[in-house]
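Have a look at target_28.cif; it's mmCIF, C-alpha atoms, pLDDT in the B column; chains and numbers go by the auth columns:
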data_input
#
loop_
_atom_site.group_PDB
_atom_site.id
_atom_site.type_symbol
_atom_site.label_atom_id
_atom_site.label_comp_id
_atom_site.label_asym_id
_atom_site.label_seq_id
_atom_site.Cartn_x
_atom_site.Cartn_y
_atom_site.Cartn_z
_atom_site.B_iso_or_equiv
_atom_site.auth_seq_id
_atom_site.auth_asym_id
ATOM 1 C CA MET A 1 101.422 56.054 107.744 60.00 1 A
ATOM 2 C CA LYS A 2 98.389 57.634 106.092 59.00 2 A
ATOM 3 C CA ASN A 3 98.814 60.646 108.425 61.00 3 A
ATOM 4 C CA VAL A 4 102.422 61.161 107.286 54.00 4 A
ATOM 5 C CA VAL A 5 101.442 61.086 103.600 54.00 5 A
ATOM 6 C CA ASN A 6 98.598 63.564 104.155 65.00 6 A
ATOM 7 C CA ARG A 7 100.909 65.877 106.110 64.00 7 A
ATOM 8 C CA ARG A 8 103.519 65.732 103.337 64.00 8 A
ATOM 9 C CA LEU A 9 100.910 66.467 100.684 63.00 9 A
ATOM 10 C CA PHE A 10 99.566 69.361 102.723 60.00 10 A
ATOM 11 C CA LEU A 11 103.044 70.827 103.365 56.00 11 A
ATOM 12 C CA GLY A 12 104.063 70.346 99.738 58.00 12 A
ATOM 13 C CA GLY A 13 100.882 72.019 98.527 60.00 13 A
ATOM 14 C CA ALA A 14 101.296 74.884 101.009 56.00 14 A
ATOM 15 C CA LEU A 15 104.910 75.390 99.902 55.00 15 A
ATOM 16 C CA ALA A 16 103.909 75.396 96.226 58.00 16 A
ATOM 17 C CA ALA A 17 101.184 77.947 96.934 57.00 17 A
ATOM 18 C CA LEU A 18 103.605 80.145 98.890 52.00 18 A
ATOM 19 C CA ILE A 19 106.158 80.070 96.090 55.00 19 A
ATOM 20 C CA GLY A 20 103.424 80.806 93.538 56.00 20 A
ATOM 21 C CA VAL A 21 102.276 83.867 95.462 54.00 21 A
ATOM 22 C CA ALA A 22 105.598 85.160 96.808 54.00 22 A
ATOM 23 C CA GLY A 23 107.843 83.843 94.032 50.00 23 A
ATOM 24 C CA PRO A 24 108.257 87.160 92.204 50.00 24 A
ATOM 25 C CA ALA A 25 109.182 88.849 95.480 47.00 25 A
ATOM 26 C CA LEU A 26 111.770 86.176 96.216 43.00 26 A
ATOM 27 C CA ARG A 27 113.549 86.534 92.877 41.00 27 A
ATOM 28 C CA PRO A 28 116.444 88.990 92.670 45.00 28 A
ATOM 29 C CA ALA A 29 115.527 92.310 91.126 45.00 29 A
ATOM 30 C CA LEU A 30 116.436 92.545 87.475 46.00 30 A
ATOM 31 C CA ALA A 31 118.081 95.664 86.108 51.00 31 A
ATOM 32 C CA HIS A 32 115.596 97.912 84.420 58.00 32 A
ATOM 33 C CA GLU A 33 116.412 99.508 81.145 75.00 33 A
ATOM 34 C CA ALA A 34 115.031 102.828 80.020 86.00 34 A
ATOM 35 C CA LYS A 35 115.632 105.433 77.349 92.00 35 A
ATOM 36 C CA CYS A 36 116.504 108.977 78.338 93.00 36 A
ATOM 37 C CA PRO A 37 113.504 111.180 77.472 94.00 37 A
ATOM 38 C CA VAL A 38 115.818 113.949 76.218 92.00 38 A
ATOM 39 C CA CYS A 39 118.565 112.268 74.161 91.00 39 A
ATOM 40 C CA LYS A 40 116.729 108.939 73.576 91.00 40 A
ATOM 41 C CA LEU A 41 119.853 106.908 74.433 88.00 41 A
ATOM 42 C CA ASP A 42 119.844 104.178 77.076 90.00 42 A
ATOM 43 C CA VAL A 43 120.061 105.387 80.662 92.00 43 A
ATOM 44 C CA VAL A 44 123.439 104.205 81.933 87.00 44 A
ATOM 45 C CA GLN A 45 122.807 101.730 84.734 91.00 45 A
ATOM 46 C CA ASP A 46 124.404 101.910 88.154 88.00 46 A
ATOM 47 C CA THR A 47 127.277 99.526 88.819 85.00 47 A
ATOM 48 C CA ASP A 48 128.425 97.997 92.085 89.00 48 A
ATOM 49 C CA LYS A 49 131.072 100.746 92.374 91.00 49 A
ATOM 50 C CA LEU A 50 129.457 103.799 90.777 89.00 50 A
ATOM 51 C CA ASP A 51 126.008 105.326 90.456 90.00 51 A
ATOM 52 C CA ASN A 52 125.149 106.569 86.969 90.00 52 A
ATOM 53 C CA GLU A 53 121.374 107.030 86.831 92.00 53 A
ATOM 54 C CA VAL A 54 120.148 110.618 87.150 96.00 54 A
ATOM 55 C CA ALA A 55 116.617 110.954 88.519 96.00 55 A
ATOM 56 C CA LEU A 56 114.255 113.921 88.471 97.00 56 A
ATOM 57 C CA LYS A 57 111.491 113.866 91.071 97.00 57 A
ATOM 58 C CA PHE A 58 108.418 116.009 90.538 96.00 58 A
ATOM 59 C CA GLY A 59 105.484 115.261 92.800 93.00 59 A
ATOM 60 C CA ARG A 60 104.977 111.508 92.581 93.00 60 A
ATOM 61 C CA LYS A 61 106.833 111.256 89.265 94.00 61 A
ATOM 62 C CA ARG A 62 110.364 109.881 89.034 95.00 62 A
ATOM 63 C CA ILE A 63 112.028 110.171 85.634 96.00 63 A
ATOM 64 C CA GLU A 64 115.476 108.787 84.823 96.00 64 A
ATOM 65 C CA TYR A 65 118.014 110.467 82.542 95.00 65 A
ATOM 66 C CA ARG A 66 121.351 109.630 80.998 93.00 66 A
ATOM 67 C CA CYS A 67 123.169 112.645 82.477 93.00 67 A
ATOM 68 C CA VAL A 68 122.778 115.783 84.585 95.00 68 A
ATOM 69 C CA SER A 69 122.541 117.962 81.483 94.00 69 A
ATOM 70 C CA CYS A 70 119.548 116.020 80.130 94.00 70 A
ATOM 71 C CA ALA A 71 117.760 116.243 83.502 96.00 71 A
ATOM 72 C CA LEU A 72 118.379 119.994 83.755 96.00 72 A
ATOM 73 C CA GLN A 73 117.174 120.531 80.195 95.00 73 A
ATOM 74 C CA ASP A 74 113.976 118.620 80.910 96.00 74 A
ATOM 75 C CA ALA A 75 113.431 120.350 84.278 96.00 75 A
ATOM 76 C CA LYS A 76 112.264 123.490 82.486 93.00 76 A
ATOM 77 C CA SER A 77 109.234 121.550 81.183 94.00 77 A
ATOM 78 C CA PHE A 78 107.956 121.107 84.769 95.00 78 A
ATOM 79 C CA ASN A 79 106.365 123.991 86.645 94.00 79 A
ATOM 80 C CA GLY A 80 106.950 124.142 90.374 95.00 80 A
ATOM 81 C CA ASP A 81 109.321 122.565 92.833 97.00 81 A
ATOM 82 C CA LEU A 82 111.404 119.536 91.895 97.00 82 A
ATOM 83 C CA THR A 83 114.585 117.691 92.814 98.00 83 A
ATOM 84 C CA ILE A 84 117.273 116.009 90.770 98.00 84 A
ATOM 85 C CA LEU A 85 119.422 113.226 92.190 97.00 85 A
ATOM 86 C CA ALA A 86 122.723 113.618 90.376 96.00 86 A
ATOM 87 C CA PRO A 87 125.187 110.764 90.840 95.00 87 A
ATOM 88 C CA SER A 88 128.483 111.796 92.369 94.00 88 A
ATOM 89 C CA GLU A 89 131.787 110.002 92.725 94.00 89 A
ATOM 90 C CA LEU A 90 130.463 108.410 95.943 94.00 90 A
ATOM 91 C CA LYS A 91 128.296 105.309 95.544 94.00 91 A
ATOM 92 C CA GLY A 92 124.915 105.880 97.178 93.00 92 A
ATOM 93 C CA LYS A 93 125.547 109.588 97.851 95.00 93 A
ATOM 94 C CA PRO A 94 124.167 111.673 94.999 95.00 94 A
ATOM 95 C CA ALA A 95 124.238 115.439 94.901 97.00 95 A
ATOM 96 C CA LEU A 96 120.742 116.788 95.432 97.00 96 A
ATOM 97 C CA LEU A 97 119.739 119.622 93.130 98.00 97 A
ATOM 98 C CA ALA A 98 116.530 121.310 94.249 98.00 98 A
ATOM 99 C CA ARG A 99 114.389 123.936 92.597 98.00 99 A
ATOM 100 C CA LYS A 100 112.103 125.571 95.130 97.00 100 A
ATOM 101 C CA ASP A 101 110.098 128.690 94.344 96.00 101 A
ATOM 102 C CA GLY A 102 112.107 129.045 91.127 95.00 102 A
ATOM 103 C CA LYS A 103 115.510 129.096 92.885 97.00 103 A
ATOM 104 C CA TRP A 104 118.081 126.333 92.522 97.00 104 A
ATOM 105 C CA SER A 105 120.268 124.933 95.292 97.00 105 A
ATOM 106 C CA VAL A 106 122.608 121.978 95.656 97.00 106 A
ATOM 107 C CA THR A 107 123.504 119.706 98.557 97.00 107 A
ATOM 108 C CA PRO A 108 126.267 119.328 99.506 97.00 108 A
ATOM 109 C CA GLU A 109 127.103 122.988 99.094 96.00 109 A
ATOM 110 C CA THR A 110 130.677 121.988 98.174 97.00 110 A
ATOM 111 C CA ALA A 111 129.437 120.191 95.033 97.00 111 A
ATOM 112 C CA VAL A 112 130.876 121.141 91.668 97.00 112 A
ATOM 113 C CA PHE A 113 129.928 119.943 88.213 96.00 113 A
ATOM 114 C CA VAL A 114 131.641 118.673 85.122 94.00 114 A
ATOM 115 C CA GLY A 115 130.035 120.403 82.185 88.00 115 A
ATOM 116 C CA GLN A 116 132.498 119.479 79.466 86.00 116 A
ATOM 117 C CA LYS A 117 130.985 119.276 75.994 86.00 117 A
ATOM 118 C CA VAL A 118 131.173 115.610 75.048 86.00 118 A
ATOM 119 C CA THR A 119 129.268 113.377 72.663 82.00 119 A
ATOM 120 C CA HIS A 120 126.182 111.766 74.149 75.00 120 A
ATOM 121 C CA PRO A 121 127.642 108.264 74.431 81.00 121 A
ATOM 122 C CA SER A 122 130.046 109.762 77.024 87.00 122 A
ATOM 123 C CA CYS A 123 127.697 112.257 78.653 86.00 123 A
ATOM 124 C CA GLN A 124 127.508 110.397 81.985 89.00 124 A
ATOM 125 C CA ILE A 125 131.236 111.201 82.308 90.00 125 A
ATOM 126 C CA GLY A 126 131.175 114.731 80.883 91.00 126 A
ATOM 127 C CA TYR A 127 128.047 116.016 82.686 94.00 127 A
ATOM 128 C CA ARG A 128 128.266 114.910 86.298 93.00 128 A
ATOM 129 C CA ALA A 129 128.129 116.183 89.870 96.00 129 A
ATOM 130 C CA LEU A 130 131.081 115.747 92.201 96.00 130 A
ATOM 131 C CA THR A 131 131.025 116.448 95.922 96.00 131 A
ATOM 132 C CA THR A 132 134.182 118.588 96.082 97.00 132 A
ATOM 133 C CA LYS A 133 136.817 120.270 93.927 97.00 133 A
ATOM 134 C CA ALA A 134 139.258 117.516 94.978 97.00 134 A
ATOM 135 C CA ALA A 135 136.820 114.881 93.701 97.00 135 A
ATOM 136 C CA PHE A 136 136.529 116.865 90.459 97.00 136 A
ATOM 137 C CA ASP A 137 140.326 116.778 90.073 96.00 137 A
ATOM 138 C CA LYS A 138 140.349 112.977 90.556 96.00 138 A
ATOM 139 C CA TRP A 139 137.449 112.511 88.129 95.00 139 A
ATOM 140 C CA THR A 140 139.128 114.542 85.373 95.00 140 A
ATOM 141 C CA ALA A 141 142.458 112.803 85.980 95.00 141 A
ATOM 142 C CA ALA A 142 140.723 109.424 85.598 94.00 142 A
ATOM 143 C CA ASN A 143 139.152 110.536 82.281 93.00 143 A
ATOM 144 C CA PRO A 144 141.917 112.565 80.585 94.00 144 A
ATOM 145 C CA ASP A 145 140.867 111.898 76.978 92.00 145 A
ATOM 146 C CA LEU A 146 137.387 113.358 77.503 91.00 146 A
ATOM 147 C CA LEU A 147 138.008 115.893 80.255 94.00 147 A
ATOM 148 C CA LYS A 148 141.491 117.329 79.708 90.00 148 A
ATOM 149 C CA ASP A 149 140.075 120.876 79.314 90.00 149 A
ATOM 150 C CA ALA A 150 137.280 120.583 81.890 93.00 150 A
ATOM 151 C CA LYS A 151 136.841 123.225 84.590 94.00 151 A
ATOM 152 C CA PRO A 152 134.800 122.793 87.777 96.00 152 A
ATOM 153 C CA LEU A 153 131.441 124.513 87.421 96.00 153 A
ATOM 154 C CA SER A 154 129.106 125.943 90.040 96.00 154 A
ATOM 155 C CA LEU A 155 125.421 125.035 89.903 96.00 155 A
ATOM 156 C CA ALA A 156 124.642 128.370 88.226 95.00 156 A
ATOM 157 C CA GLN A 157 127.288 127.673 85.557 95.00 157 A
ATOM 158 C CA MET A 158 125.997 124.132 85.028 95.00 158 A
ATOM 159 C CA LEU A 159 122.481 125.501 84.551 95.00 159 A
ATOM 160 C CA GLU A 160 123.884 127.775 81.823 93.00 160 A
ATOM 161 C CA VAL A 161 125.683 124.873 80.136 91.00 161 A
ATOM 162 C CA ALA A 162 122.521 122.725 80.189 90.00 162 A
ATOM 163 C CA ASN A 163 120.202 125.541 79.094 84.00 163 A
ATOM 164 C CA PRO A 164 122.147 127.940 76.899 73.00 164 A
ATOM 165 C CA ALA A 165 120.396 131.164 75.960 65.00 165 A
ATOM 166 C CA LYS A 166 118.831 130.874 72.546 52.00 166 A
#
Would you mind giving the structure from this file in structure tokens?
Amino acid sequence: MKNVVNRRLFLGGALAALIGVAGPALRPALAHEAKCPVCKLDVVQDTDKLDNEVALKFGRKRIEYRCVSCALQDAKSFNGDLTILAPSELKGKPALLARKDGKWSVTPETAVFVGQKVTHPSCQIGYRALTTKAAFDKWTAANPDLLKDAKPLSLAQMLEVANPAK
């Protein structure tokens, strides 16, 4: 009987120690909240159906933004190569904007952008990457109040919208 009690105490203590050490790793990840470094509004969090967070990667840095326009505006403050993960209409499949040797490119090559002037609370809708022109048409149809006059933009045109000549 004494053996059973000792074994239970040992197993209970071992389990408590394991939970104490690994507990944070066992808890579900909590949503992180951040402010956009450009517009100072909250970064719109991803949902189970749609990605919203825009991320700029420069070296080991990863900075999150509210919209593609904010990320492109801030990109000019970094010298050298960088990438921007711009959420598209497809969950988990962002458009990849890359600046290498001062030249911009986008993957997929069929990507177009919404660059419709909107107020910042709606910028994640008005400044967004979409994988194709057909996806652009669906996106604008789903947001007629904000995007009724929107035209699909190339990457070069989106760069102009985000960084107008002064």
Exercise for the section: Could you give me, as a ChimeraX atom specification, the residues within 7 Å of segment 131-138 of chain A, counting all atoms listed in the file and dropping anything in the same chain fewer than 5 positions from it? Expected result: /A:88,95,108,110-112,152
Handout entry: Test item: the PyMOL selection byres ((chain A and resi 55) around 7) resolved as a list in words
Key =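 Going through the file, the PyMOL selection byres ((chain A and resi 55) around 7) ends up selecting Glu53, Val54, Leu56, Lys57, Arg62, Ile63, Glu64, Tyr65, Ile84, Leu85 and Ala86 of chain A.
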Problem - Nearest to Asp145 of chain A, chosen from A:Thr107, A:Gln116, A:Asn52, A:Ser69, with all atoms listed in the file counted in the distances - result: A:Gln116
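The interatomic distance for the pair atom CA of Asp51 of chain A and atom CA of Lys103 of chain A works out to 26.1 Å.
Relative to atom CA of Cys39 of chain A, atom CA of Leu90 of chain A is found at 25.1 Å.
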Hey, could you patch up segment 133-144 of chain A with N, CA, C and O atoms and hand it over as a PDB file, in the frame of the given file?
ATOM      1  N   LYS A 133     135.839 119.941  94.974  1.00 97.00           N
ATOM      2  CA  LYS A 133     136.817 120.270  93.927  1.00 97.00           C
ATOM      3  C   LYS A 133     137.873 119.168  93.831  1.00 97.00           C
ATOM      4  O   LYS A 133     138.311 118.806  92.732  1.00 97.00           O
ATOM      5  N   ALA A 134     138.273 118.609  94.984  1.00 97.00           N
ATOM      6  CA  ALA A 134     139.258 117.516  94.978  1.00 97.00           C
ATOM      7  C   ALA A 134     138.715 116.299  94.225  1.00 97.00           C
ATOM      8  O   ALA A 134     139.436 115.643  93.468  1.00 97.00           O
ATOM      9  N   ALA A 135     137.441 115.993  94.420  1.00 97.00           N
ATOM     10  CA  ALA A 135     136.820 114.881  93.701  1.00 97.00           C
ATOM     11  C   ALA A 135     136.769 115.180  92.207  1.00 97.00           C
ATOM     12  O   ALA A 135     136.963 114.286  91.380  1.00 97.00           O
ATOM     13  N   PHE A 136     136.516 116.441  91.860  1.00 97.00           N
ATOM     14  CA  PHE A 136     136.529 116.865  90.459  1.00 97.00           C
ATOM     15  C   PHE A 136     137.906 116.598  89.852  1.00 97.00           C
ATOM     16  O   PHE A 136     138.014 116.060  88.741  1.00 97.00           O
ATOM     17  N   ASP A 137     138.956 116.987  90.575  1.00 96.00           N
ATOM     18  CA  ASP A 137     140.326 116.778  90.073  1.00 96.00           C
ATOM     19  C   ASP A 137     140.604 115.293  89.832  1.00 96.00           C
ATOM     20  O   ASP A 137     141.195 114.926  88.810  1.00 96.00           O
ATOM     21  N   LYS A 138     140.157 114.425  90.730  1.00 96.00           N
ATOM     22  CA  LYS A 138     140.349 112.977  90.556  1.00 96.00           C
ATOM     23  C   LYS A 138     139.550 112.463  89.362  1.00 96.00           C
ATOM     24  O   LYS A 138     140.032 111.631  88.598  1.00 96.00           O
ATOM     25  N   TRP A 139     138.311 112.951  89.225  1.00 95.00           N
ATOM     26  CA  TRP A 139     137.449 112.511  88.129  1.00 95.00           C
ATOM     27  C   TRP A 139     138.060 112.885  86.777  1.00 95.00           C
ATOM     28  O   TRP A 139     138.090 112.068  85.855  1.00 95.00           O
ATOM     29  N   THR A 140     138.545 114.117  86.649  1.00 95.00           N
ATOM     30  CA  THR A 140     139.128 114.542  85.373  1.00 95.00           C
ATOM     31  C   THR A 140     140.443 113.813  85.102  1.00 95.00           C
ATOM     32  O   THR A 140     140.737 113.480  83.960  1.00 95.00           O
ATOM     33  N   ALA A 141     141.200 113.547  86.152  1.00 95.00           N
ATOM     34  CA  ALA A 141     142.458 112.803  85.980  1.00 95.00           C
ATOM     35  C   ALA A 141     142.186 111.365  85.530  1.00 95.00           C
ATOM     36  O   ALA A 141     142.971 110.789  84.776  1.00 95.00           O
ATOM     37  N   ALA A 142     141.074 110.795  85.975  1.00 94.00           N
ATOM     38  CA  ALA A 142     140.723 109.424  85.598  1.00 94.00           C
ATOM     39  C   ALA A 142     140.136 109.347  84.184  1.00 94.00           C
ATOM     40  O   ALA A 142     140.035 108.256  83.621  1.00 94.00           O
ATOM     41  N   ASN A 143     139.753 110.485  83.622  1.00 93.00           N
ATOM     42  CA  ASN A 143     139.152 110.536  82.281  1.00 93.00           C
ATOM     43  C   ASN A 143     139.842 111.599  81.419  1.00 93.00           C
ATOM     44  O   ASN A 143     139.187 112.504  80.899  1.00 93.00           O
ATOM     45  N   PRO A 144     141.171 111.492  81.242  1.00 94.00           N
ATOM     46  CA  PRO A 144     141.917 112.565  80.585  1.00 94.00           C
ATOM     47  C   PRO A 144     141.557 112.778  79.118  1.00 94.00           C
ATOM     48  O   PRO A 144     141.610 113.903  78.632  1.00 94.00           O
TER      49      PRO A 144
END
